[in-house]
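Everything on this sheet refers to the single structure shown next.
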Amino acid sequence: MRLLFIRHGDPDYEHDSLTPKGKREAELLADKMEGEQLTHIYISPLGRAQRTAAATLKRLRREGTTLDWLREFTYPIRLPDTGEEHLIWDFMPAFMRSYPQLYSAEGWQAPEFIRNSGVPRAYAAACAGLDSLLAEHGYVREGNCYRAERPNRDTLAFFCHFGATGILLSHLFNMSPVALLQHYAAAPTSVTTVYTEEREEGIASFRCASYGDISHLYAAHEPPSFSARFCETFANQDERH
């Protein structure tokens, strides 16, 4: 089975929609999706993901299924030094150095500022949502792998968000979502492709074939949006955030 995690187009966060550039990106993404054999299409309930998916659905003359657990993972923690609210990614390097357990698959929820927030419960709910859906498609979670009850070559497309994708991938890969989100960047309308790997009969794990692919933008000479970019050099104040 193949999973495609697709980030929405360049966002207009104020109106939970897409900018004009985001709409162009969504159309270019639809060009790419026309060449894919999508078995099922699932969509976050948020407007920016819905509008991104709409371009592909219209092109394919298909309908998608909205799943609440695909919404962006916006459950905050409070920084221990300032008390300010913060998401569980995009921490400063000095902060990550102070809390090495954030890199641990088993220990990332241990710090008090995460343990006492709504993050653990929300994380468990998102993972349960994914596992329930995968079970419907023939793969049942057992420990850190999946029992391949009905192995298949279906393709499931998920139109969602940067943070939500990181949360779900961390569950599939059995790693810390903080570490994954801290070190990977996915531009708007990027496509991350994950396959099941059944090296032992009846036991499936997940392997990432590509992360954050924006070849559909490059093919159309459309530069990627800045959203989810990063500060390559400290001296560049246009990138610093």
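So you can find residues: chains in the structure tokens are A, B, ... in the order shown, residues in each start at 1, and ligands are numbered from 1 in order.
Near Leu70 in chain A, within 9 Å and counting only C-alpha atoms, sit Tyr42, Ile43, Ser44, Pro45, Leu46, Thr66, Leu67, Asp68, Glu72, Phe73, Ala126, Gly129, Leu130, Phe158, Phe159, Cys160, His161, Ala164, Thr165 and Leu168 of chain A; same-chain residues fewer than 2 positions away were not included.
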Could you save the residues just selected, with N, CA, C and O atoms, as an mmCIF file, in the first residue's frame?
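After the write, again26.cif holds the following:
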```cif
data_model
loop_
_atom_site.group_PDB
_atom_site.id
_atom_site.type_symbol
_atom_site.label_atom_id
_atom_site.label_comp_id
_atom_site.auth_asym_id
_atom_site.auth_seq_id
_atom_site.Cartn_x
_atom_site.Cartn_y
_atom_site.Cartn_z
ATOM 1 N N TYR A 42 -8.501 11.339 1.255
ATOM 2 C CA TYR A 42 -8.925 11.802 2.576
ATOM 3 C C TYR A 42 -8.430 13.230 2.787
ATOM 4 O O TYR A 42 -7.336 13.590 2.356
ATOM 5 N N ILE A 43 -9.245 14.036 3.477
ATOM 6 C CA ILE A 43 -8.980 15.469 3.551
ATOM 7 C C ILE A 43 -9.184 15.987 4.974
ATOM 8 O O ILE A 43 -10.139 15.611 5.667
ATOM 9 N N SER A 44 -8.306 16.876 5.399
ATOM 10 C CA SER A 44 -8.482 17.612 6.647
ATOM 11 C C SER A 44 -9.722 18.493 6.531
ATOM 12 O O SER A 44 -10.057 18.976 5.444
ATOM 13 N N PRO A 45 -10.403 18.761 7.650
ATOM 14 C CA PRO A 45 -11.585 19.630 7.588
ATOM 15 C C PRO A 45 -11.258 21.106 7.414
ATOM 16 O O PRO A 45 -12.164 21.902 7.137
ATOM 17 N N LEU A 46 -10.001 21.492 7.557
ATOM 18 C CA LEU A 46 -9.649 22.909 7.492
ATOM 19 C C LEU A 46 -9.691 23.416 6.051
ATOM 20 O O LEU A 46 -9.365 22.703 5.100
ATOM 21 N N THR A 66 -13.717 13.592 4.389
ATOM 22 C CA THR A 66 -13.128 14.485 5.386
ATOM 23 C C THR A 66 -12.972 13.746 6.714
ATOM 24 O O THR A 66 -13.916 13.114 7.201
ATOM 25 N N LEU A 67 -11.768 13.824 7.281
ATOM 26 C CA LEU A 67 -11.454 13.168 8.555
ATOM 27 C C LEU A 67 -10.944 14.215 9.540
ATOM 28 O O LEU A 67 -9.956 14.902 9.269
ATOM 29 N N ASP A 68 -11.600 14.310 10.684
ATOM 30 C CA ASP A 68 -11.250 15.368 11.638
ATOM 31 C C ASP A 68 -9.827 15.234 12.165
ATOM 32 O O ASP A 68 -9.157 16.233 12.420
ATOM 33 N N GLU A 72 -4.747 20.259 11.337
ATOM 34 C CA GLU A 72 -3.405 20.639 11.771
ATOM 35 C C GLU A 72 -3.242 20.404 13.275
ATOM 36 O O GLU A 72 -4.191 20.560 14.055
ATOM 37 N N PHE A 73 -2.013 20.040 13.672
ATOM 38 C CA PHE A 73 -1.729 19.717 15.077
ATOM 39 C C PHE A 73 -1.316 21.006 15.792
ATOM 40 O O PHE A 73 -0.136 21.311 15.945
ATOM 41 N N ALA A 126 -4.770 11.299 17.219
ATOM 42 C CA ALA A 126 -4.402 11.315 15.800
ATOM 43 C C ALA A 126 -3.862 9.962 15.364
ATOM 44 O O ALA A 126 -4.220 9.446 14.289
ATOM 45 N N GLY A 129 -6.643 7.491 15.056
ATOM 46 C CA GLY A 129 -7.405 7.724 13.838
ATOM 47 C C GLY A 129 -6.738 7.084 12.637
ATOM 48 O O GLY A 129 -7.394 6.434 11.810
ATOM 49 N N LEU A 130 -5.430 7.265 12.537
ATOM 50 C CA LEU A 130 -4.688 6.665 11.426
ATOM 51 C C LEU A 130 -4.744 5.144 11.495
ATOM 52 O O LEU A 130 -4.993 4.471 10.481
ATOM 53 N N PHE A 158 -3.728 11.786 1.364
ATOM 54 C CA PHE A 158 -4.149 12.572 2.522
ATOM 55 C C PHE A 158 -3.815 14.038 2.259
ATOM 56 O O PHE A 158 -2.630 14.419 2.237
ATOM 57 N N PHE A 159 -4.813 14.871 2.067
ATOM 58 C CA PHE A 159 -4.602 16.311 1.914
ATOM 59 C C PHE A 159 -4.669 16.925 3.310
ATOM 60 O O PHE A 159 -5.744 16.987 3.915
ATOM 61 N N CYS A 160 -3.531 17.350 3.831
ATOM 62 C CA CYS A 160 -3.536 17.834 5.213
ATOM 63 C C CYS A 160 -2.507 18.947 5.418
ATOM 64 O O CYS A 160 -2.512 19.943 4.680
ATOM 65 N N HIS A 161 -1.605 18.796 6.390
ATOM 66 C CA HIS A 161 -0.795 19.907 6.866
ATOM 67 C C HIS A 161 0.611 19.436 7.220
ATOM 68 O O HIS A 161 0.857 18.239 7.417
ATOM 69 N N ALA A 164 0.541 17.997 10.938
ATOM 70 C CA ALA A 164 -0.223 16.744 10.983
ATOM 71 C C ALA A 164 0.547 15.616 10.311
ATOM 72 O O ALA A 164 0.580 14.480 10.808
ATOM 73 N N THR A 165 1.184 15.918 9.178
ATOM 74 C CA THR A 165 1.976 14.898 8.498
ATOM 75 C C THR A 165 3.112 14.412 9.381
ATOM 76 O O THR A 165 3.364 13.202 9.488
ATOM 77 N N LEU A 168 1.780 12.029 12.092
ATOM 78 C CA LEU A 168 1.405 10.710 11.584
ATOM 79 C C LEU A 168 2.617 9.905 11.145
ATOM 80 O O LEU A 168 2.703 8.698 11.389
#
```
Phe162 in chain A environment, 10 Å, only C-alpha atoms, sequence neighbours closer than 6 positions dropped, as number ranges by chain: A: 5-8, 72-73, 181, 184-190, 212, 228
Which residue gives the smallest distance to Thr192 in chain A among A:Gly9, A:Pro120, A:Pro100, A:Gly166, with only C-alpha atoms counted?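 So, comparing all the options, the nearest one is A:Gly166.
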Between A:Leu57, A:Cys145, A:Ala179, A:Leu169, single out the one closest to Tyr99 in chain A, counting only C-alpha atoms. A:Ala179
Residue with smallest distance to Glu27 in chain A - pool A:His171, A:Lys58, A:His15, A:Arg115, counting only C-alpha atoms: A:Lys58
Near range 131-144 of chain A, within 7 Å and counting only C-alpha atoms, which residues show up once chain neighbours fewer than 6 positions away are dropped, as a PyMOL selection string? chain A and resi 150-151+174
Taking only C-alpha atoms into account, which of A:Phe234, A:Tyr103, A:Tyr123, A:Tyr218 comes nearest Pro76 in chain A?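 Nearest candidate to Pro76 in chain A out of A:Phe234, A:Tyr103, A:Tyr123, A:Tyr218: A:Tyr123.
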Just asking: which residues within range 9-225 of chain A are helix (DSSP H, G or I) according to DSSP, as a ChimeraX atom specification? /A:13-15,20-33,47-60,68-70,93-98,100-103,112-115,119-136,162-173,177-183,215-219
List every residue of range 156-213 of chain A that DSSP, applied to the backbone, labels as strand (DSSP E or B), and write the result as a count of residues only. 26
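Minimum atom-to-atom distances from A:Tyr13, A:Tyr75, A:Trp69, A:Phe206 to Arg147 in chain A were compared using only C-alpha atoms, and the lowest value belongs to A:Phe206.
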If you count only C-alpha atoms, which residues fall within 10 Å of Ser215 in chain A, apart from same-chain ones fewer than 2 positions away, as JSON, numbers by chain? {"A": [28, 29, 32, 190, 191, 212, 213, 217, 218, 219, 220, 221, 222, 224]}
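Shell of Glu197 in chain A at 9 Å, with only C-alpha atoms counted and residues fewer than 3 places along the chain excluded, is Met1, Glu200, Ile203, Ala204, Ser205, Phe206 and Arg207 of chain A.
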Would you pick out the contacts of Asp31 in chain A at 9 Å or less, using only C-alpha atoms, so that residues sharing its chain but fewer than 3 positions from it are not included, and give the list as a PyMOL selection string? chain A and resi 26-28+34-35+56+59+216
Any chance you can output those residues with N, CA and C atoms as a PDB file, in the first residue's frame?
```pdb
ATOM      1  N   ALA A  26      -2.102  24.610  -6.182  1.00  0.00           N
ATOM      2  CA  ALA A  26      -3.092  23.533  -6.119  1.00  0.00           C
ATOM      3  C   ALA A  26      -3.414  23.006  -7.511  1.00  0.00           C
ATOM      4  N   GLU A  27      -3.470  23.900  -8.498  1.00  0.00           N
ATOM      5  CA  GLU A  27      -3.735  23.468  -9.875  1.00  0.00           C
ATOM      6  C   GLU A  27      -2.560  22.672 -10.430  1.00  0.00           C
ATOM      7  N   LEU A  28      -1.345  23.078 -10.109  1.00  0.00           N
ATOM      8  CA  LEU A  28      -0.167  22.338 -10.564  1.00  0.00           C
ATOM      9  C   LEU A  28      -0.088  20.974  -9.872  1.00  0.00           C
ATOM     10  N   GLU A  34      -3.245  13.825 -11.538  1.00  0.00           N
ATOM     11  CA  GLU A  34      -3.901  13.174 -12.673  1.00  0.00           C
ATOM     12  C   GLU A  34      -3.157  11.922 -13.113  1.00  0.00           C
ATOM     13  N   GLY A  35      -1.855  11.900 -12.872  1.00  0.00           N
ATOM     14  CA  GLY A  35      -1.056  10.750 -13.267  1.00  0.00           C
ATOM     15  C   GLY A  35      -0.962   9.673 -12.208  1.00  0.00           C
ATOM     16  N   THR A  56      -7.801  18.941  -7.244  1.00  0.00           N
ATOM     17  CA  THR A  56      -7.580  17.558  -7.673  1.00  0.00           C
ATOM     18  C   THR A  56      -8.900  16.811  -7.839  1.00  0.00           C
ATOM     19  N   ARG A  59     -10.545  17.814 -11.038  1.00  0.00           N
ATOM     20  CA  ARG A  59      -9.834  17.290 -12.192  1.00  0.00           C
ATOM     21  C   ARG A  59     -10.125  15.794 -12.386  1.00  0.00           C
ATOM     22  N   HIS A 216       6.390  18.973  -9.154  1.00  0.00           N
ATOM     23  CA  HIS A 216       5.334  19.549  -9.984  1.00  0.00           C
ATOM     24  C   HIS A 216       5.451  21.067 -10.080  1.00  0.00           C
TER      25      HIS A 216
END
```
Can you tell me which residues surround range 85-90 of chain A at a distance of at most 9 Å, considering only C-alpha atoms, apart from same-chain residues fewer than 3 positions away, and format the answer as a CSV table (one decimal) with all heavy atoms, in the first residue's frame?
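Output below, filename around38.csv:
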```csv
chain,number,residue,atom,x,y,z
A,73,PHE,N,-2.0,20.0,13.7
A,73,PHE,CA,-1.7,19.7,15.1
A,73,PHE,C,-1.3,21.0,15.8
A,73,PHE,O,-0.1,21.3,15.9
A,73,PHE,CB,-0.6,18.7,15.2
A,73,PHE,CG,-0.6,18.0,16.5
A,73,PHE,CD1,-1.4,16.9,16.8
A,73,PHE,CD2,0.3,18.4,17.5
A,73,PHE,CE1,-1.3,16.3,18.0
A,73,PHE,CE2,0.4,17.8,18.7
A,73,PHE,CZ,-0.4,16.7,19.0
A,74,THR,N,-2.3,21.8,16.2
A,74,THR,CA,-2.1,23.1,16.8
A,74,THR,C,-2.2,23.1,18.3
A,74,THR,O,-2.7,24.1,18.9
A,74,THR,CB,-3.0,24.1,16.2
A,74,THR,OG1,-4.3,23.7,16.3
A,74,THR,CG2,-2.6,24.3,14.7
A,75,TYR,N,-1.9,22.0,19.0
A,75,TYR,CA,-2.0,21.9,20.5
A,75,TYR,C,-0.8,22.4,21.1
A,75,TYR,O,0.3,21.9,20.9
A,75,TYR,CB,-2.3,20.4,20.9
A,75,TYR,CG,-3.5,19.9,20.2
A,75,TYR,CD1,-3.4,19.2,18.9
A,75,TYR,CD2,-4.8,20.1,20.7
A,75,TYR,CE1,-4.5,18.8,18.3
A,75,TYR,CE2,-5.9,19.6,20.0
A,75,TYR,CZ,-5.8,19.0,18.8
A,75,TYR,OH,-6.9,18.5,18.2
A,76,PRO,N,-0.8,23.5,21.9
A,76,PRO,CA,0.4,24.2,22.3
A,76,PRO,C,0.9,23.6,23.6
A,76,PRO,O,0.2,22.9,24.4
A,76,PRO,CB,-0.1,25.6,22.5
A,76,PRO,CG,-1.5,25.4,23.0
A,76,PRO,CD,-2.1,24.2,22.2
A,77,ILE,N,2.2,23.8,23.8
A,77,ILE,CA,2.8,23.7,25.1
A,77,ILE,C,3.2,25.1,25.6
A,77,ILE,O,3.2,26.0,24.8
A,77,ILE,CB,4.1,22.7,25.0
A,77,ILE,CG1,5.1,23.2,24.0
A,77,ILE,CG2,3.6,21.3,24.6
A,77,ILE,CD1,6.2,24.1,24.5
A,78,ARG,N,3.6,25.2,26.9
A,78,ARG,CA,4.1,26.4,27.4
A,78,ARG,C,5.6,26.3,27.6
A,78,ARG,O,6.1,25.4,28.3
A,78,ARG,CB,3.4,26.8,28.6
A,78,ARG,CG,1.9,27.2,28.4
A,78,ARG,CD,1.3,28.0,29.6
A,78,ARG,NE,0.0,28.4,29.2
A,78,ARG,CZ,-0.3,29.5,28.6
A,78,ARG,NH1,0.6,30.4,28.2
A,78,ARG,NH2,-1.6,29.9,28.3
A,79,LEU,N,6.4,27.2,27.0
A,79,LEU,CA,7.8,27.1,27.2
A,79,LEU,C,8.2,27.3,28.7
A,79,LEU,O,7.7,28.2,29.3
A,79,LEU,CB,8.5,28.2,26.3
A,79,LEU,CG,8.3,28.1,24.8
A,79,LEU,CD1,8.9,29.3,24.1
A,79,LEU,CD2,9.0,26.8,24.3
A,82,THR,N,9.7,30.9,29.6
A,82,THR,CA,8.9,32.2,29.5
A,82,THR,C,7.4,32.0,29.7
A,82,THR,O,6.7,33.0,29.9
A,82,THR,CB,9.1,32.7,28.0
A,82,THR,OG1,8.5,31.8,27.1
A,82,THR,CG2,10.6,32.9,27.7
A,93,PRO,N,17.7,25.8,18.5
A,93,PRO,CA,18.7,24.7,18.7
A,93,PRO,C,19.1,24.7,20.2
A,93,PRO,O,19.3,23.6,20.7
A,93,PRO,CB,19.8,25.1,17.8
A,93,PRO,CG,19.2,25.9,16.7
A,93,PRO,CD,18.1,26.7,17.3
A,114,ILE,N,5.4,19.2,28.2
A,114,ILE,CA,4.7,18.4,27.3
A,114,ILE,C,3.7,17.5,28.0
A,114,ILE,O,2.5,17.4,27.7
A,114,ILE,CB,5.6,17.6,26.4
A,114,ILE,CG1,6.3,18.5,25.4
A,114,ILE,CG2,4.8,16.5,25.6
A,114,ILE,CD1,7.2,17.7,24.4
A,119,VAL,N,-1.0,17.9,24.5
A,119,VAL,CA,-0.3,17.2,23.4
A,119,VAL,C,-0.4,15.7,23.5
A,119,VAL,O,-0.7,15.1,22.5
A,119,VAL,CB,1.1,17.7,23.3
A,119,VAL,CG1,2.0,16.8,22.4
A,119,VAL,CG2,1.2,19.1,22.8
A,163,GLY,N,2.4,20.0,10.1
A,163,GLY,CA,2.4,19.4,11.4
A,163,GLY,C,1.7,18.1,11.5
A,163,GLY,O,2.2,17.1,12.1
A,177,PRO,N,8.0,12.8,17.2
A,177,PRO,CA,7.5,13.8,16.3
A,177,PRO,C,8.2,15.1,16.4
A,177,PRO,O,8.3,15.9,15.4
A,177,PRO,CB,6.0,13.9,16.7
A,177,PRO,CG,5.9,13.5,18.1
A,177,PRO,CD,7.0,12.4,18.3
A,178,VAL,N,8.7,15.4,17.6
A,178,VAL,CA,9.4,16.6,17.8
A,178,VAL,C,10.7,16.6,16.9
A,178,VAL,O,11.0,17.6,16.2
A,178,VAL,CB,9.8,16.9,19.3
A,178,VAL,CG1,10.6,18.2,19.5
A,178,VAL,CG2,8.6,16.8,20.2
A,179,ALA,N,11.4,15.5,17.0
A,179,ALA,CA,12.6,15.4,16.2
A,179,ALA,C,12.3,15.5,14.7
A,179,ALA,O,13.0,16.2,13.9
A,179,ALA,CB,13.4,14.1,16.5
A,180,LEU,N,11.3,14.8,14.3
A,180,LEU,CA,11.0,14.8,12.8
A,180,LEU,C,10.6,16.2,12.4
A,180,LEU,O,11.1,16.6,11.3
A,180,LEU,CB,9.8,13.8,12.6
A,180,LEU,CG,9.5,13.4,11.1
A,180,LEU,CD1,8.9,12.0,11.1
A,180,LEU,CD2,8.6,14.4,10.5
A,181,LEU,N,9.7,16.8,13.1
A,181,LEU,CA,9.2,18.2,12.7
A,181,LEU,C,10.3,19.2,12.8
A,181,LEU,O,10.3,20.2,12.1
A,181,LEU,CB,8.0,18.5,13.5
A,181,LEU,CG,6.7,17.8,13.2
A,181,LEU,CD1,5.7,17.9,14.3
A,181,LEU,CD2,6.2,18.2,11.9
A,182,GLN,N,11.3,19.0,13.7
A,182,GLN,CA,12.4,19.9,13.9
A,182,GLN,C,13.3,19.9,12.7
A,182,GLN,O,13.9,20.9,12.4
A,182,GLN,CB,13.1,19.6,15.2
A,182,GLN,CG,14.2,20.6,15.6
A,182,GLN,CD,13.6,21.9,16.1
A,182,GLN,OE1,12.5,22.0,16.5
A,182,GLN,NE2,14.5,22.9,16.3
A,183,HIS,N,13.5,18.8,12.0
A,183,HIS,CA,14.6,18.6,11.1
A,183,HIS,C,14.1,18.4,9.6
A,183,HIS,O,15.0,18.2,8.7
A,183,HIS,CB,15.5,17.5,11.5
A,183,HIS,CG,16.2,17.8,12.8
A,183,HIS,ND1,17.3,18.7,12.8
A,183,HIS,CD2,16.1,17.3,14.0
A,183,HIS,CE1,17.8,18.7,14.1
A,183,HIS,NE2,17.0,17.9,14.8
```
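For the pair CA of Glu149 in chain A and CA of Ala53 in chain A, the interatomic distance is 29.8 Å.
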